[in-house]
Every structure is written in structure tokens, then in C-alpha cells.
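Okay, structure first, notes after.
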Amino acid sequence: MIGELTNHLWQTTMFAIAAAIVAFAFRKSRAQVRFWVWLAASLKFFVPFSLLIDLGKKLWESATAGQPVVTVAEQGISATMVQITQPFSEDFVYSPAVRHTTNWIAFAVFAVWASGFVYVALLRFRGWLVIRAALRASAPMDVPAAVPVRSAAGLLEPGAVGFVRPVLLLPEGIAKKLTPQQLEAVPAHEQCHIRRRDNLTSALHMIVEAIFWFHPAVWWIGARMVEERERACDEAVLSSGNEPHVYAEGILNVCKSYLESPLACVSGVTGSDLKKRIGTILTGRVAGELTLMKKLALATAAMAALAAPILVGVFGAPALRAQITTANRPQFDVASVKPCDKNSPPPPSAGRGGADGSASTGRMDLPCGTLAHLIEVAYVEFPNGVRQPRLAFKPLPIEGGPAWVKSDTFLISAETESEVTPLMMRGPMLQRILEDRFKLKVHRETREVPVYELTVAKGGLKIKHTEPGSCVDEDLTNVGRPPEPGEKPLCVIGMRINGNNVTVWSRGMTLNQICHYLDGIGIDRPVIDKTDVADTQKFDIQLEFSVDETTPGLHPRSVGDAGYQGDPLFPSLFTAVQQVGLKLVPARGPAQFVVVDGVERPSGN
């Protein structure tokens with residue numbers, strides 16, 4: 001929440017700076033153009049770019065919905081754009097030990113904000129009470145105008161009140177202090193405010209001021225809006241044929257006889273920099289209409305302001321590339337899909353689908369497994385008929401679809417006379433079975449979620465490099481098989497749970513592989529490798545930590561007899577990681593999901 005708010009304030013500040021640049025570029029145009037630019041900067045406080053970014057993601061997801069998920073290529077521009085628009089992470093307290101405790105700083109910040117909000121709101125409310133009392137005590141006045149005109153006692157300048165049923169409120173006795181020409185010009189200024197709905201836009205900005213009172217740009221934008229709205233009405237009065245010197249003298253006479261209204265809820269005639277305004281009025285110059293090129297430039301800037309965050313969302317969504325089309329994917333000659341009995345053995349663990357079941361030439365037999373598990377096998381582990389490295393493969397969350405996708409199990413047997421590899425069977429060919437028999441439609445998407453970034457600690461790595469040639473890489477032929485006499489041990493990573501204590505050990509693994517392994521053991525957030533250590537470097541590592549709330553996927557295992565009390569607890573995972581020269585830093589980052597867009601129960605055959 002804090003990160004999202006900070007990102008919103010950052011984006012709004014950048015938008016205000018951009019608005020200032022546009023307003024400066026149109027400094028010789030009519031004031032109403034610059035007013036609308038500043039109004040857009042004010043209203044931006046109500047519209048987080050995250051909403052438009054999410055819209056871009058939804059547009060991309062709807063465009064790619066139902067397409068087979070084979071490979072996902074992240075675009076480099078995506079990370080850059082997201083980093084620029086959302087530079088702040090959600091977590092400002094990096095210590096895992098305190099992130100579940102009460103954050104008194106947050107309470108203090110909220111109290112300060114609430115105090116400022118109440119103060120600004122009370123100021124505006126008091127002003128509204130003053131003008132409401134003046135309006136109730138006012139009397140009708142016979143002045144030609146498009147809206148009701150009333151006179152009020154007290155030292156108030158002429159002003160337009162309200163935006164639903166606007167009223168032109170004039171000080172009592174003003175007709176005696178102004179000439180007939182001046183009395184015509186000054187109310188014309190207020191009627192311009194009414195036509196422009198300036199009280200409505202002022203009310204909207206007052207809400208912004210109350211909520212974001214702490215942001216200097218809010219008050220800066222408000223001052224610019226008052227300045228440009230007064231100049232816009234001055235230009236309208238002069239354009240209607242009033243003499244500049246008569247209009248200027250009328251404003252000065254009002255200033256001599258009455259006090260300037262300090263009420264933000266009233267559009268008055270003496271607002272903004274009076275000296276500057278009088279000088280501009282006396283010149284009699286009124287800026288011309290926008291040229292075609294300026295209109296195009298303004299429209300382009302407006303479209304860019306809306307399109308940029310949407311494009312960030314589009315580029316931030318997963319781009320499906322190099323897909324194997326239905327026409328190019330081989331298929332089995334015969335395939336059987338049968339629902340399993342409820343009492344059948346549980347499905348194999350997610351992520352090991354490639355090693356389960358027989359895979360003789362031309363035949364594939366998969367034991368009872370849920371459809372969610374089959375999706376992981378076909379679309380994630382073997383997407384192109386090439387097995388993803390086991391330690392770089394992580395079962396992705398399956399979302400969407402009915403509940404039976406993750407509960408009911410199915411037995412699949414298939415044969416083909418074509419010469420294809422077992423990996424192709426478990427990938428593209430299994431995809432064809434799922435799409436034909438289950439009417440399955442899925443897509444993969446990437447979302448911005450809370451993550452942990454695995455980084456190198458300040459003191460550097462404290463783990464041992466693997467001796468070259470001391471172990472052999474794992475492949476389909478030796479997965480889980482102990483080495484024969486004379487063979488080298490496998491380069492593997494594993495885990496032991498002893499009571500509440502967990503030991504993760506590895507031999508011949510890269511930091512990227514270790515990071516992916518940690519990501520898959522059940523930590524409360526995805527883990528992203530940010531160590532920048534090359535995959536050519538391999539390490540032997542041993543992490544000893546205890547199960548706690550940050551590892552919800554791990555469960556303590558009782559050891560020994562009933563009287564066993566357990567060994568002394570290891571430190572937390574975060575401490576254990578620091579002991580080997582690494583660090584888990586809370587942040588926000590991408591996480592992938594597989595979404596089921598459509599599915600049907602297969603007919604048993």
C-alpha cells in the first residue's frame with residue numbers, strides 16, 4: 001500500500017512537471033488552454049497510473065486469451081518502463097523480524113496526514129459557512145444577467161456562488177461606486193466564471209488540496225489555476241467588446257471599495273496577481289485561437305498522457321512468442337483419457353511430470369494426475385518439447401476454471417507411430433490432447449507482486465566454489481539414481497527437514513539454480529535472482545534454518561519417539577542466507593501465473 005501510494009505521488013509529480021512544460025510552451029496562447037492543462041494536472045491526483053497500467057495488461061490478456069502457452073519472452077523495454085513509472089517497492093521496512101509487528105511510524109504518519117486533512121477541510125467548511133450566511137442575507141438586485149443577481153451586505157467583492165444553481169453575488173451599494181460601463185464589465189467577468197464552471201473545478205481542486213495537502217505541487221497547481229482562470233475571463237470580457245481602460249478601472253474601483261474575498265469557493269473579480277492582470281488588460285491584446293499545429297500538438301500530448309501507462313501495462317504483460325501452432329504440432333494416433341478412482345494414489349508432485357510414467361518409443365502413459373498438474377507438465381515443464389532445467393522450473397500457480405481442475409484426477413495413455421521424443425510427447429503432443437479432449441484454453445500472464453530479491457550481501461559471498469569436474473549434471477537418464485561404483489556424484493540440490501529445522505544443501509549449483517530452488521520450497525513470496533553472479537560459477541552450499549511464518553510451504557516433521565523434544569532451533573531463513581553472504585530483500589517484482597480461460601470435462605475413453 002505504501003509503495004503504491006509513493007509510486008502514485010511520484011507519477012503525479014512527473015505529470016505536474018510535464019504540465020508545466022506544456023503550459024510554458026503555450027504561454028502565448030489563450031489562458032483557457034493553460035487552465036485546462038493545469039486542471040488535468042490537478043485531476044491526475046485522483047487517477048493512479050496503476051489503473052491505466054492494469055488496463056493495458058487486461059487489454060493484452062484479452063487479446064491473447066485462449067492462445068496456447070508455449071514460450072514467454074520478456075521484453076527488455078518492459079522492465080525499464082515499469083522501473084521508471086513504479087520506482088518504489090511496497091516494503092520500506094526490510095527487516096523480516098519486524099515486518100509482522102506494529103509499525104508505529106506508519107501510525108504517526110497517518111496521524112499527521114489526518115490532522116492536515118481535517119485542518120484544510122475545516123478551513124474550506126468555514127469559508128462555505130460565511131458565503132452561505134451572506135447568500136441567505138442577500139436581496140435580489142435588478143442587474144441584467146443570465147443568472148440570478150443578489151446583493152449582500154458586508155465587504156465582499158463581486159463573485160459567482162455555486163455551480164448547480166449559480167448566483168451572481170454583488171456587494172451592497174456597488175451600483176453607486178461604479179459607472180454604468182464598469183457595472184456592465186465587472187459582472188460580465190463573473191458570468192464568464194459561471195459559463196466556465198470555475199466553481200466546480202475549484203471544488204474538485206479543493207478536494208485534492210485536502211487529501212494531498214502535504215504535496216507542494218498541489219498548492220502550486222492551485223495558484224496557476226486561479227491565475228489562468230482569471231486571465232481567461234479577462235480575455236472573454238475584452239473579446240465581448242468592453243473597453244480595456246473601463247474594465248481595468250472597474251476592477252480598481254472594486255479593490256478600493258471592497259476587500260478581496262479570501263474564499264476559495266467563490267470565483268471573484270480581484271483574484272490572481274492584480275498588478276500583472278491590470279497591465280495585461282490595458283494592453284487590450286487577446287491571444288488568438290490555437291493554430292492547427294498547436295491543436296495537434298496538444299491532442300498528441302493528451303493522448304500520450306493516457307496511452308503511456310497503458311503501453312507500460314501492455315509491454316509489462318507477457319509477450320507470447322514463437323508459439324507452436326496447431327498445424328505444426330505433432331499428435332498421437334490414439335489417445336485415451338480416463339477419470340481415476342477417488343481412491344487412486346495421489347498425483348505425482350508438481351514439476352516432476354516429465355519423469356513419471358513410461359515413455360517407450362511411440363507410447364506415453366501418465367499416471368493419475370490432476371488437470372492442473374498436466375497443465376504444468378505440458379505448458380510449463382515441456383513447452384516446446386525441450387525439458388526446462390529442473391532447478392529452473394517452478395510450478396506456476398494455476399488460476400481460473402472450476403474446482404475439479406485441481407481435485408479430479410485422470411489417467412492418460414497415448415500412442416503414435418511417428419518418431420518423436422518422449423519430451424515432445426509430454427509437451428506439444430500432450431497439449432493437443434488437453435486442448436482436444438478437455439477443450440482447454442489457457443494463457444500465461446505476469447503480474448507485479450511482492451517478492452524477495454536474492455542479492456549478494458555487503459561482505460560478499462561466503463560459500464565454496466565447486467571443484468571443476470567433481471560432479472556430473474543431472475538429466476532424464478540419471479534423475480534420482482545413485483551413482484554406480486566409479487561414477488561421479490550428481491550435481492544436485494536437496495533438502496532435509498528434521499523437526500522444525502530445515503537444511504538445504506547443494507553440490508555444483510549456480511546461484512540462479514539455488515534461487516529457483518528456494519523459490520519452489522514454499523516461501524511466502526516468489527524469489528528473484530538479483531545476485532548478478534554468472535551461471536559459469538557453481539557452488540556447494542548448506543543453508544540451515546527453521547520453519548516459521550515466512551515458509552508456509554514447509555511443515556515440521558516429528559523425529560524419533562513421542563518424547564523427542566527436537567534439536568535447538570536453527571535461525572530464520574533470512575539470517576541463514578546472510579550467514580553465507582547473501583540477502584533476501586523485500587521488493588516488488590514479476591510473478592507468472594497460468595490462467596485457465598475455458599475447460600470442459602472429457603468424455604471417458
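Letters for chains follow the order of the C-alpha cells (A, B, ...), residue numbers begin at 1 for each chain, and ligand numbers begin at 1 in the order shown.
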Give me, as a PDB file with C-alpha atoms, in the first residue's frame, all polymer residues having an atom no more than 7 Å from range 135-148 of chain A, counting only C-alpha atoms and skipping those fewer than 3 positions away in the same chain.
ATOM      1  CA  ILE A 131     -20.692  32.665   1.963  1.00  0.00           C
ATOM      2  CA  ARG A 132     -23.828  30.666   2.852  1.00  0.00           C
ATOM      3  CA  SER A 151     -26.695  41.991  -3.299  1.00  0.00           C
ATOM      4  CA  ALA A 152     -25.165  41.206   0.088  1.00  0.00           C
ATOM      5  CA  PRO A 166     -25.204  29.588  -9.686  1.00  0.00           C
ATOM      6  CA  VAL A 167     -25.910  33.043  -8.319  1.00  0.00           C
ATOM      7  CA  LEU A 168     -24.062  36.287  -9.013  1.00  0.00           C
TER       8      LEU A 168
END
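Within the 6 Å cut-off around Ala31 in chain A, using only C-alpha atoms and omitting residues fewer than 4 positions from it on the same chain, the listed residues are Glu228, Arg231 and Ala232 of chain A.
Distance check against Val451 in chain A using only C-alpha atoms: of A:Ala372, A:Met364, A:Leu584, A:Ala335, the minimum falls on A:Leu584.
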(request) Do a neighbour search on range 116-118 of chain A at 10 Å with only C-alpha atoms, toss out local chain neighbours closer than 2 positions, and write the hits as a VMD selection string. (result) chain A and resid 110 to 114 120 to 124 207 209 to 214
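As for CA of Val254 in chain A and CA of Cys233 in chain A, they are spaced 16.4 Å apart.
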(request) With a distance cut-off of 9 Å and only C-alpha atoms, select the neighbouring residues of Leu511 in chain A, excluding the residue or stretch itself and same-chain residues fewer than 6 positions from it, and output the selection as a PyMOL selection string. (result) chain A and resi 529+531+533-535+537-539
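With CA of Ala106 in chain A on one side and CA of Ala16 in chain A on the other, the separation reads 26.6 Å.
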Taking the DSSP secondary structure from the backbone, can you list the residues of range 369-577 of chain A that are strand (DSSP E or B), as a PDB file with N, CA and C atoms, in the first residue's frame?
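Contents of states32.pdb, as written:
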ATOM      1  N   GLY A 369      -3.296 -37.984 -12.422  1.00  0.00           N
ATOM      2  CA  GLY A 369      -2.861 -36.642 -12.058  1.00  0.00           C
ATOM      3  C   GLY A 369      -3.975 -35.647 -12.318  1.00  0.00           C
ATOM      4  N   THR A 370      -3.959 -34.566 -11.592  1.00  0.00           N
ATOM      5  CA  THR A 370      -4.966 -33.526 -11.798  1.00  0.00           C
ATOM      6  C   THR A 370      -4.701 -32.802 -13.116  1.00  0.00           C
ATOM      7  N   ILE A 398      -1.929 -22.072 -10.839  1.00  0.00           N
ATOM      8  CA  ILE A 398      -2.974 -22.249 -11.843  1.00  0.00           C
ATOM      9  C   ILE A 398      -4.222 -21.540 -11.339  1.00  0.00           C
ATOM     10  N   GLU A 399      -4.722 -20.597 -12.113  1.00  0.00           N
ATOM     11  CA  GLU A 399      -5.894 -19.839 -11.711  1.00  0.00           C
ATOM     12  C   GLU A 399      -7.002 -20.006 -12.731  1.00  0.00           C
ATOM     13  N   THR A 409      -8.717 -36.419 -10.822  1.00  0.00           N
ATOM     14  CA  THR A 409      -7.507 -36.939 -11.471  1.00  0.00           C
ATOM     15  C   THR A 409      -7.873 -37.762 -12.698  1.00  0.00           C
ATOM     16  N   PHE A 410      -6.908 -37.827 -13.629  1.00  0.00           N
ATOM     17  CA  PHE A 410      -7.153 -38.509 -14.902  1.00  0.00           C
ATOM     18  C   PHE A 410      -5.921 -39.326 -15.288  1.00  0.00           C
ATOM     19  N   LEU A 411      -6.211 -40.443 -15.940  1.00  0.00           N
ATOM     20  CA  LEU A 411      -5.168 -41.328 -16.441  1.00  0.00           C
ATOM     21  C   LEU A 411      -5.101 -41.168 -17.954  1.00  0.00           C
ATOM     22  N   ILE A 412      -3.917 -40.905 -18.487  1.00  0.00           N
ATOM     23  CA  ILE A 412      -3.752 -40.654 -19.925  1.00  0.00           C
ATOM     24  C   ILE A 412      -2.777 -41.673 -20.506  1.00  0.00           C
ATOM     25  N   SER A 413      -3.210 -42.314 -21.570  1.00  0.00           N
ATOM     26  CA  SER A 413      -2.353 -43.224 -22.344  1.00  0.00           C
ATOM     27  C   SER A 413      -2.489 -42.839 -23.806  1.00  0.00           C
ATOM     28  N   ALA A 414      -1.375 -42.834 -24.538  1.00  0.00           N
ATOM     29  CA  ALA A 414      -1.415 -42.416 -25.936  1.00  0.00           C
ATOM     30  C   ALA A 414      -0.308 -43.115 -26.708  1.00  0.00           C
ATOM     31  N   GLU A 415      -0.554 -43.329 -28.009  1.00  0.00           N
ATOM     32  CA  GLU A 415       0.423 -43.991 -28.882  1.00  0.00           C
ATOM     33  C   GLU A 415       0.528 -43.254 -30.198  1.00  0.00           C
ATOM     34  N   LYS A 441      -8.342 -24.054 -22.809  1.00  0.00           N
ATOM     35  CA  LYS A 441      -7.781 -22.794 -23.300  1.00  0.00           C
ATOM     36  C   LYS A 441      -7.112 -22.097 -22.119  1.00  0.00           C
ATOM     37  N   VAL A 442      -5.825 -21.831 -22.268  1.00  0.00           N
ATOM     38  CA  VAL A 442      -5.080 -21.195 -21.181  1.00  0.00           C
ATOM     39  C   VAL A 442      -4.203 -20.094 -21.751  1.00  0.00           C
ATOM     40  N   HIS A 443      -3.789 -19.216 -20.874  1.00  0.00           N
ATOM     41  CA  HIS A 443      -2.753 -18.250 -21.224  1.00  0.00           C
ATOM     42  C   HIS A 443      -1.910 -17.996 -19.980  1.00  0.00           C
ATOM     43  N   ARG A 444      -0.714 -17.505 -20.222  1.00  0.00           N
ATOM     44  CA  ARG A 444       0.197 -17.191 -19.129  1.00  0.00           C
ATOM     45  C   ARG A 444       0.305 -15.676 -19.010  1.00  0.00           C
ATOM     46  N   GLU A 445       0.321 -15.189 -17.793  1.00  0.00           N
ATOM     47  CA  GLU A 445       0.436 -13.751 -17.590  1.00  0.00           C
ATOM     48  C   GLU A 445       1.417 -13.469 -16.459  1.00  0.00           C
ATOM     49  N   THR A 446       1.991 -12.283 -16.508  1.00  0.00           N
ATOM     50  CA  THR A 446       2.931 -11.837 -15.486  1.00  0.00           C
ATOM     51  C   THR A 446       2.333 -10.667 -14.738  1.00  0.00           C
ATOM     52  N   ARG A 447       2.381 -10.725 -13.417  1.00  0.00           N
ATOM     53  CA  ARG A 447       1.828  -9.660 -12.590  1.00  0.00           C
ATOM     54  C   ARG A 447       2.898  -9.126 -11.647  1.00  0.00           C
ATOM     55  N   GLU A 448       2.710  -7.888 -11.248  1.00  0.00           N
ATOM     56  CA  GLU A 448       3.597  -7.270 -10.263  1.00  0.00           C
ATOM     57  C   GLU A 448       3.095  -7.635  -8.867  1.00  0.00           C
ATOM     58  N   VAL A 449       3.915  -8.350  -8.093  1.00  0.00           N
ATOM     59  CA  VAL A 449       3.510  -8.836  -6.775  1.00  0.00           C
ATOM     60  C   VAL A 449       4.661  -8.630  -5.789  1.00  0.00           C
ATOM     61  N   PRO A 450       4.401  -8.731  -4.480  1.00  0.00           N
ATOM     62  CA  PRO A 450       5.501  -8.702  -3.512  1.00  0.00           C
ATOM     63  C   PRO A 450       6.424  -9.895  -3.717  1.00  0.00           C
ATOM     64  N   VAL A 451       7.735  -9.663  -3.729  1.00  0.00           N
ATOM     65  CA  VAL A 451       8.726 -10.710  -3.954  1.00  0.00           C
ATOM     66  C   VAL A 451       9.883 -10.515  -2.980  1.00  0.00           C
ATOM     67  N   TYR A 452      10.787 -11.465  -2.983  1.00  0.00           N
ATOM     68  CA  TYR A 452      12.089 -11.308  -2.344  1.00  0.00           C
ATOM     69  C   TYR A 452      13.144 -11.301  -3.442  1.00  0.00           C
ATOM     70  N   GLU A 453      14.051 -10.357  -3.367  1.00  0.00           N
ATOM     71  CA  GLU A 453      15.186 -10.327  -4.281  1.00  0.00           C
ATOM     72  C   GLU A 453      16.399 -10.909  -3.569  1.00  0.00           C
ATOM     73  N   LEU A 454      16.987 -11.941  -4.181  1.00  0.00           N
ATOM     74  CA  LEU A 454      18.201 -12.554  -3.629  1.00  0.00           C
ATOM     75  C   LEU A 454      19.398 -11.757  -4.126  1.00  0.00           C
ATOM     76  N   THR A 455      20.099 -11.102  -3.213  1.00  0.00           N
ATOM     77  CA  THR A 455      21.240 -10.257  -3.570  1.00  0.00           C
ATOM     78  C   THR A 455      22.467 -10.708  -2.797  1.00  0.00           C
ATOM     79  N   VAL A 456      23.624 -10.234  -3.240  1.00  0.00           N
ATOM     80  CA  VAL A 456      24.876 -10.501  -2.521  1.00  0.00           C
ATOM     81  C   VAL A 456      25.011  -9.488  -1.400  1.00  0.00           C
ATOM     82  N   LYS A 464      31.490 -21.903  -0.834  1.00  0.00           N
ATOM     83  CA  LYS A 464      32.608 -22.561  -1.503  1.00  0.00           C
ATOM     84  C   LYS A 464      32.274 -22.837  -2.962  1.00  0.00           C
ATOM     85  N   HIS A 465      33.220 -22.525  -3.848  1.00  0.00           N
ATOM     86  CA  HIS A 465      33.071 -22.882  -5.253  1.00  0.00           C
ATOM     87  C   HIS A 465      33.237 -24.393  -5.431  1.00  0.00           C
ATOM     88  N   VAL A 472      28.607 -34.601 -11.894  1.00  0.00           N
ATOM     89  CA  VAL A 472      28.050 -34.618 -13.250  1.00  0.00           C
ATOM     90  C   VAL A 472      26.644 -34.049 -13.209  1.00  0.00           C
ATOM     91  N   ASP A 473      26.259 -33.386 -14.294  1.00  0.00           N
ATOM     92  CA  ASP A 473      24.939 -32.762 -14.346  1.00  0.00           C
ATOM     93  C   ASP A 473      23.842 -33.819 -14.390  1.00  0.00           C
ATOM     94  N   LEU A 490      26.119 -36.817  -8.584  1.00  0.00           N
ATOM     95  CA  LEU A 490      25.363 -35.853  -9.374  1.00  0.00           C
ATOM     96  C   LEU A 490      25.525 -34.445  -8.805  1.00  0.00           C
ATOM     97  N   CYS A 491      25.468 -33.468  -9.697  1.00  0.00           N
ATOM     98  CA  CYS A 491      25.366 -32.070  -9.278  1.00  0.00           C
ATOM     99  C   CYS A 491      23.893 -31.825  -8.953  1.00  0.00           C
ATOM    100  N   ILE A 493      20.735 -30.514  -5.811  1.00  0.00           N
ATOM    101  CA  ILE A 493      20.356 -29.731  -4.647  1.00  0.00           C
ATOM    102  C   ILE A 493      19.244 -30.475  -3.936  1.00  0.00           C
ATOM    103  N   GLY A 494      19.251 -30.479  -2.628  1.00  0.00           N
ATOM    104  CA  GLY A 494      18.248 -31.216  -1.877  1.00  0.00           C
ATOM    105  C   GLY A 494      17.922 -30.546  -0.563  1.00  0.00           C
ATOM    106  N   MET A 495      17.000 -31.174   0.183  1.00  0.00           N
ATOM    107  CA  MET A 495      16.521 -30.582   1.430  1.00  0.00           C
ATOM    108  C   MET A 495      16.194 -31.676   2.418  1.00  0.00           C
ATOM    109  N   ARG A 496      16.530 -31.432   3.689  1.00  0.00           N
ATOM    110  CA  ARG A 496      16.162 -32.336   4.779  1.00  0.00           C
ATOM    111  C   ARG A 496      15.404 -31.521   5.826  1.00  0.00           C
ATOM    112  N   ILE A 497      14.330 -32.124   6.380  1.00  0.00           N
ATOM    113  CA  ILE A 497      13.562 -31.485   7.448  1.00  0.00           C
ATOM    114  C   ILE A 497      13.637 -32.370   8.672  1.00  0.00           C
ATOM    115  N   ASN A 498      14.144 -31.800   9.741  1.00  0.00           N
ATOM    116  CA  ASN A 498      14.320 -32.530  10.995  1.00  0.00           C
ATOM    117  C   ASN A 498      13.602 -31.742  12.076  1.00  0.00           C
ATOM    118  N   GLY A 499      12.356 -32.152  12.391  1.00  0.00           N
ATOM    119  CA  GLY A 499      11.564 -31.370  13.319  1.00  0.00           C
ATOM    120  C   GLY A 499      11.220 -30.028  12.693  1.00  0.00           C
ATOM    121  N   ASN A 501      13.669 -27.875  12.027  1.00  0.00           N
ATOM    122  CA  ASN A 501      14.892 -27.450  11.363  1.00  0.00           C
ATOM    123  C   ASN A 501      14.957 -27.958   9.926  1.00  0.00           C
ATOM    124  N   VAL A 502      15.395 -27.085   9.041  1.00  0.00           N
ATOM    125  CA  VAL A 502      15.481 -27.407   7.619  1.00  0.00           C
ATOM    126  C   VAL A 502      16.923 -27.187   7.162  1.00  0.00           C
ATOM    127  N   THR A 503      17.426 -28.131   6.378  1.00  0.00           N
ATOM    128  CA  THR A 503      18.750 -27.990   5.778  1.00  0.00           C
ATOM    129  C   THR A 503      18.615 -28.099   4.268  1.00  0.00           C
ATOM    130  N   VAL A 504      19.011 -27.064   3.567  1.00  0.00           N
ATOM    131  CA  VAL A 504      19.072 -27.073   2.107  1.00  0.00           C
ATOM    132  C   VAL A 504      20.541 -27.136   1.716  1.00  0.00           C
ATOM    133  N   TRP A 505      20.896 -28.159   0.943  1.00  0.00           N
ATOM    134  CA  TRP A 505      22.288 -28.330   0.542  1.00  0.00           C
ATOM    135  C   TRP A 505      22.366 -28.480  -0.967  1.00  0.00           C
ATOM    136  N   SER A 506      23.482 -28.106  -1.498  1.00  0.00           N
ATOM    137  CA  SER A 506      23.662 -28.229  -2.951  1.00  0.00           C
ATOM    138  C   SER A 506      25.097 -28.612  -3.262  1.00  0.00           C
ATOM    139  N   ARG A 507      25.258 -29.203  -4.464  1.00  0.00           N
ATOM    140  CA  ARG A 507      26.586 -29.552  -4.976  1.00  0.00           C
ATOM    141  C   ARG A 507      26.605 -29.215  -6.465  1.00  0.00           C
ATOM    142  N   GLY A 508      27.496 -28.324  -6.848  1.00  0.00           N
ATOM    143  CA  GLY A 508      27.639 -27.982  -8.260  1.00  0.00           C
ATOM    144  C   GLY A 508      26.466 -27.192  -8.814  1.00  0.00           C
ATOM    145  N   MET A 509      25.897 -26.276  -8.020  1.00  0.00           N
ATOM    146  CA  MET A 509      24.741 -25.496  -8.454  1.00  0.00           C
ATOM    147  C   MET A 509      25.124 -24.021  -8.635  1.00  0.00           C
ATOM    148  N   VAL A 527      10.887 -15.689  -5.180  1.00  0.00           N
ATOM    149  CA  VAL A 527      12.269 -15.271  -5.005  1.00  0.00           C
ATOM    150  C   VAL A 527      12.879 -15.035  -6.384  1.00  0.00           C
ATOM    151  N   ILE A 528      13.502 -13.860  -6.567  1.00  0.00           N
ATOM    152  CA  ILE A 528      14.090 -13.470  -7.847  1.00  0.00           C
ATOM    153  C   ILE A 528      15.594 -13.305  -7.669  1.00  0.00           C
ATOM    154  N   ASP A 529      16.351 -13.863  -8.588  1.00  0.00           N
ATOM    155  CA  ASP A 529      17.813 -13.778  -8.528  1.00  0.00           C
ATOM    156  C   ASP A 529      18.278 -12.391  -8.966  1.00  0.00           C
ATOM    157  N   PHE A 539      28.510 -23.609  -7.028  1.00  0.00           N
ATOM    158  CA  PHE A 539      28.825 -23.559  -5.607  1.00  0.00           C
ATOM    159  C   PHE A 539      28.306 -24.796  -4.887  1.00  0.00           C
ATOM    160  N   ASP A 540      29.008 -25.122  -3.763  1.00  0.00           N
ATOM    161  CA  ASP A 540      28.500 -26.067  -2.771  1.00  0.00           C
ATOM    162  C   ASP A 540      28.006 -25.212  -1.609  1.00  0.00           C
ATOM    163  N   ILE A 541      26.767 -25.422  -1.209  1.00  0.00           N
ATOM    164  CA  ILE A 541      26.169 -24.549  -0.204  1.00  0.00           C
ATOM    165  C   ILE A 541      25.369 -25.365   0.791  1.00  0.00           C
ATOM    166  N   GLN A 542      25.296 -24.878   2.020  1.00  0.00           N
ATOM    167  CA  GLN A 542      24.449 -25.502   3.032  1.00  0.00           C
ATOM    168  C   GLN A 542      23.770 -24.401   3.830  1.00  0.00           C
ATOM    169  N   LEU A 543      22.429 -24.378   3.749  1.00  0.00           N
ATOM    170  CA  LEU A 543      21.621 -23.411   4.485  1.00  0.00           C
ATOM    171  C   LEU A 543      20.875 -24.154   5.581  1.00  0.00           C
ATOM    172  N   GLU A 544      20.986 -23.655   6.806  1.00  0.00           N
ATOM    173  CA  GLU A 544      20.277 -24.256   7.934  1.00  0.00           C
ATOM    174  C   GLU A 544      19.371 -23.202   8.545  1.00  0.00           C
ATOM    175  N   PHE A 545      18.063 -23.462   8.502  1.00  0.00           N
ATOM    176  CA  PHE A 545      17.098 -22.504   9.018  1.00  0.00           C
ATOM    177  C   PHE A 545      15.908 -23.254   9.604  1.00  0.00           C
ATOM    178  N   SER A 546      15.060 -22.530  10.312  1.00  0.00           N
ATOM    179  CA  SER A 546      13.895 -23.145  10.953  1.00  0.00           C
ATOM    180  C   SER A 546      12.620 -22.738  10.231  1.00  0.00           C
ATOM    181  N   ARG A 557       8.462 -31.832  10.847  1.00  0.00           N
ATOM    182  CA  ARG A 557       8.298 -33.290  10.851  1.00  0.00           C
ATOM    183  C   ARG A 557       8.817 -33.827  12.172  1.00  0.00           C
TER     184      ARG A 557
END
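If you look at CA of Arg150 in chain A and CA of Leu170 in chain A, they are 6.1 Å away from each other.
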(request) Skip range 416-423 of chain A itself and residues of its chain fewer than 6 positions away, then list as a PyMOL selection string all residues within 7 Å of it, counting only C-alpha atoms. (result) chain A and resi 332-334+359+362-363+382+385-387
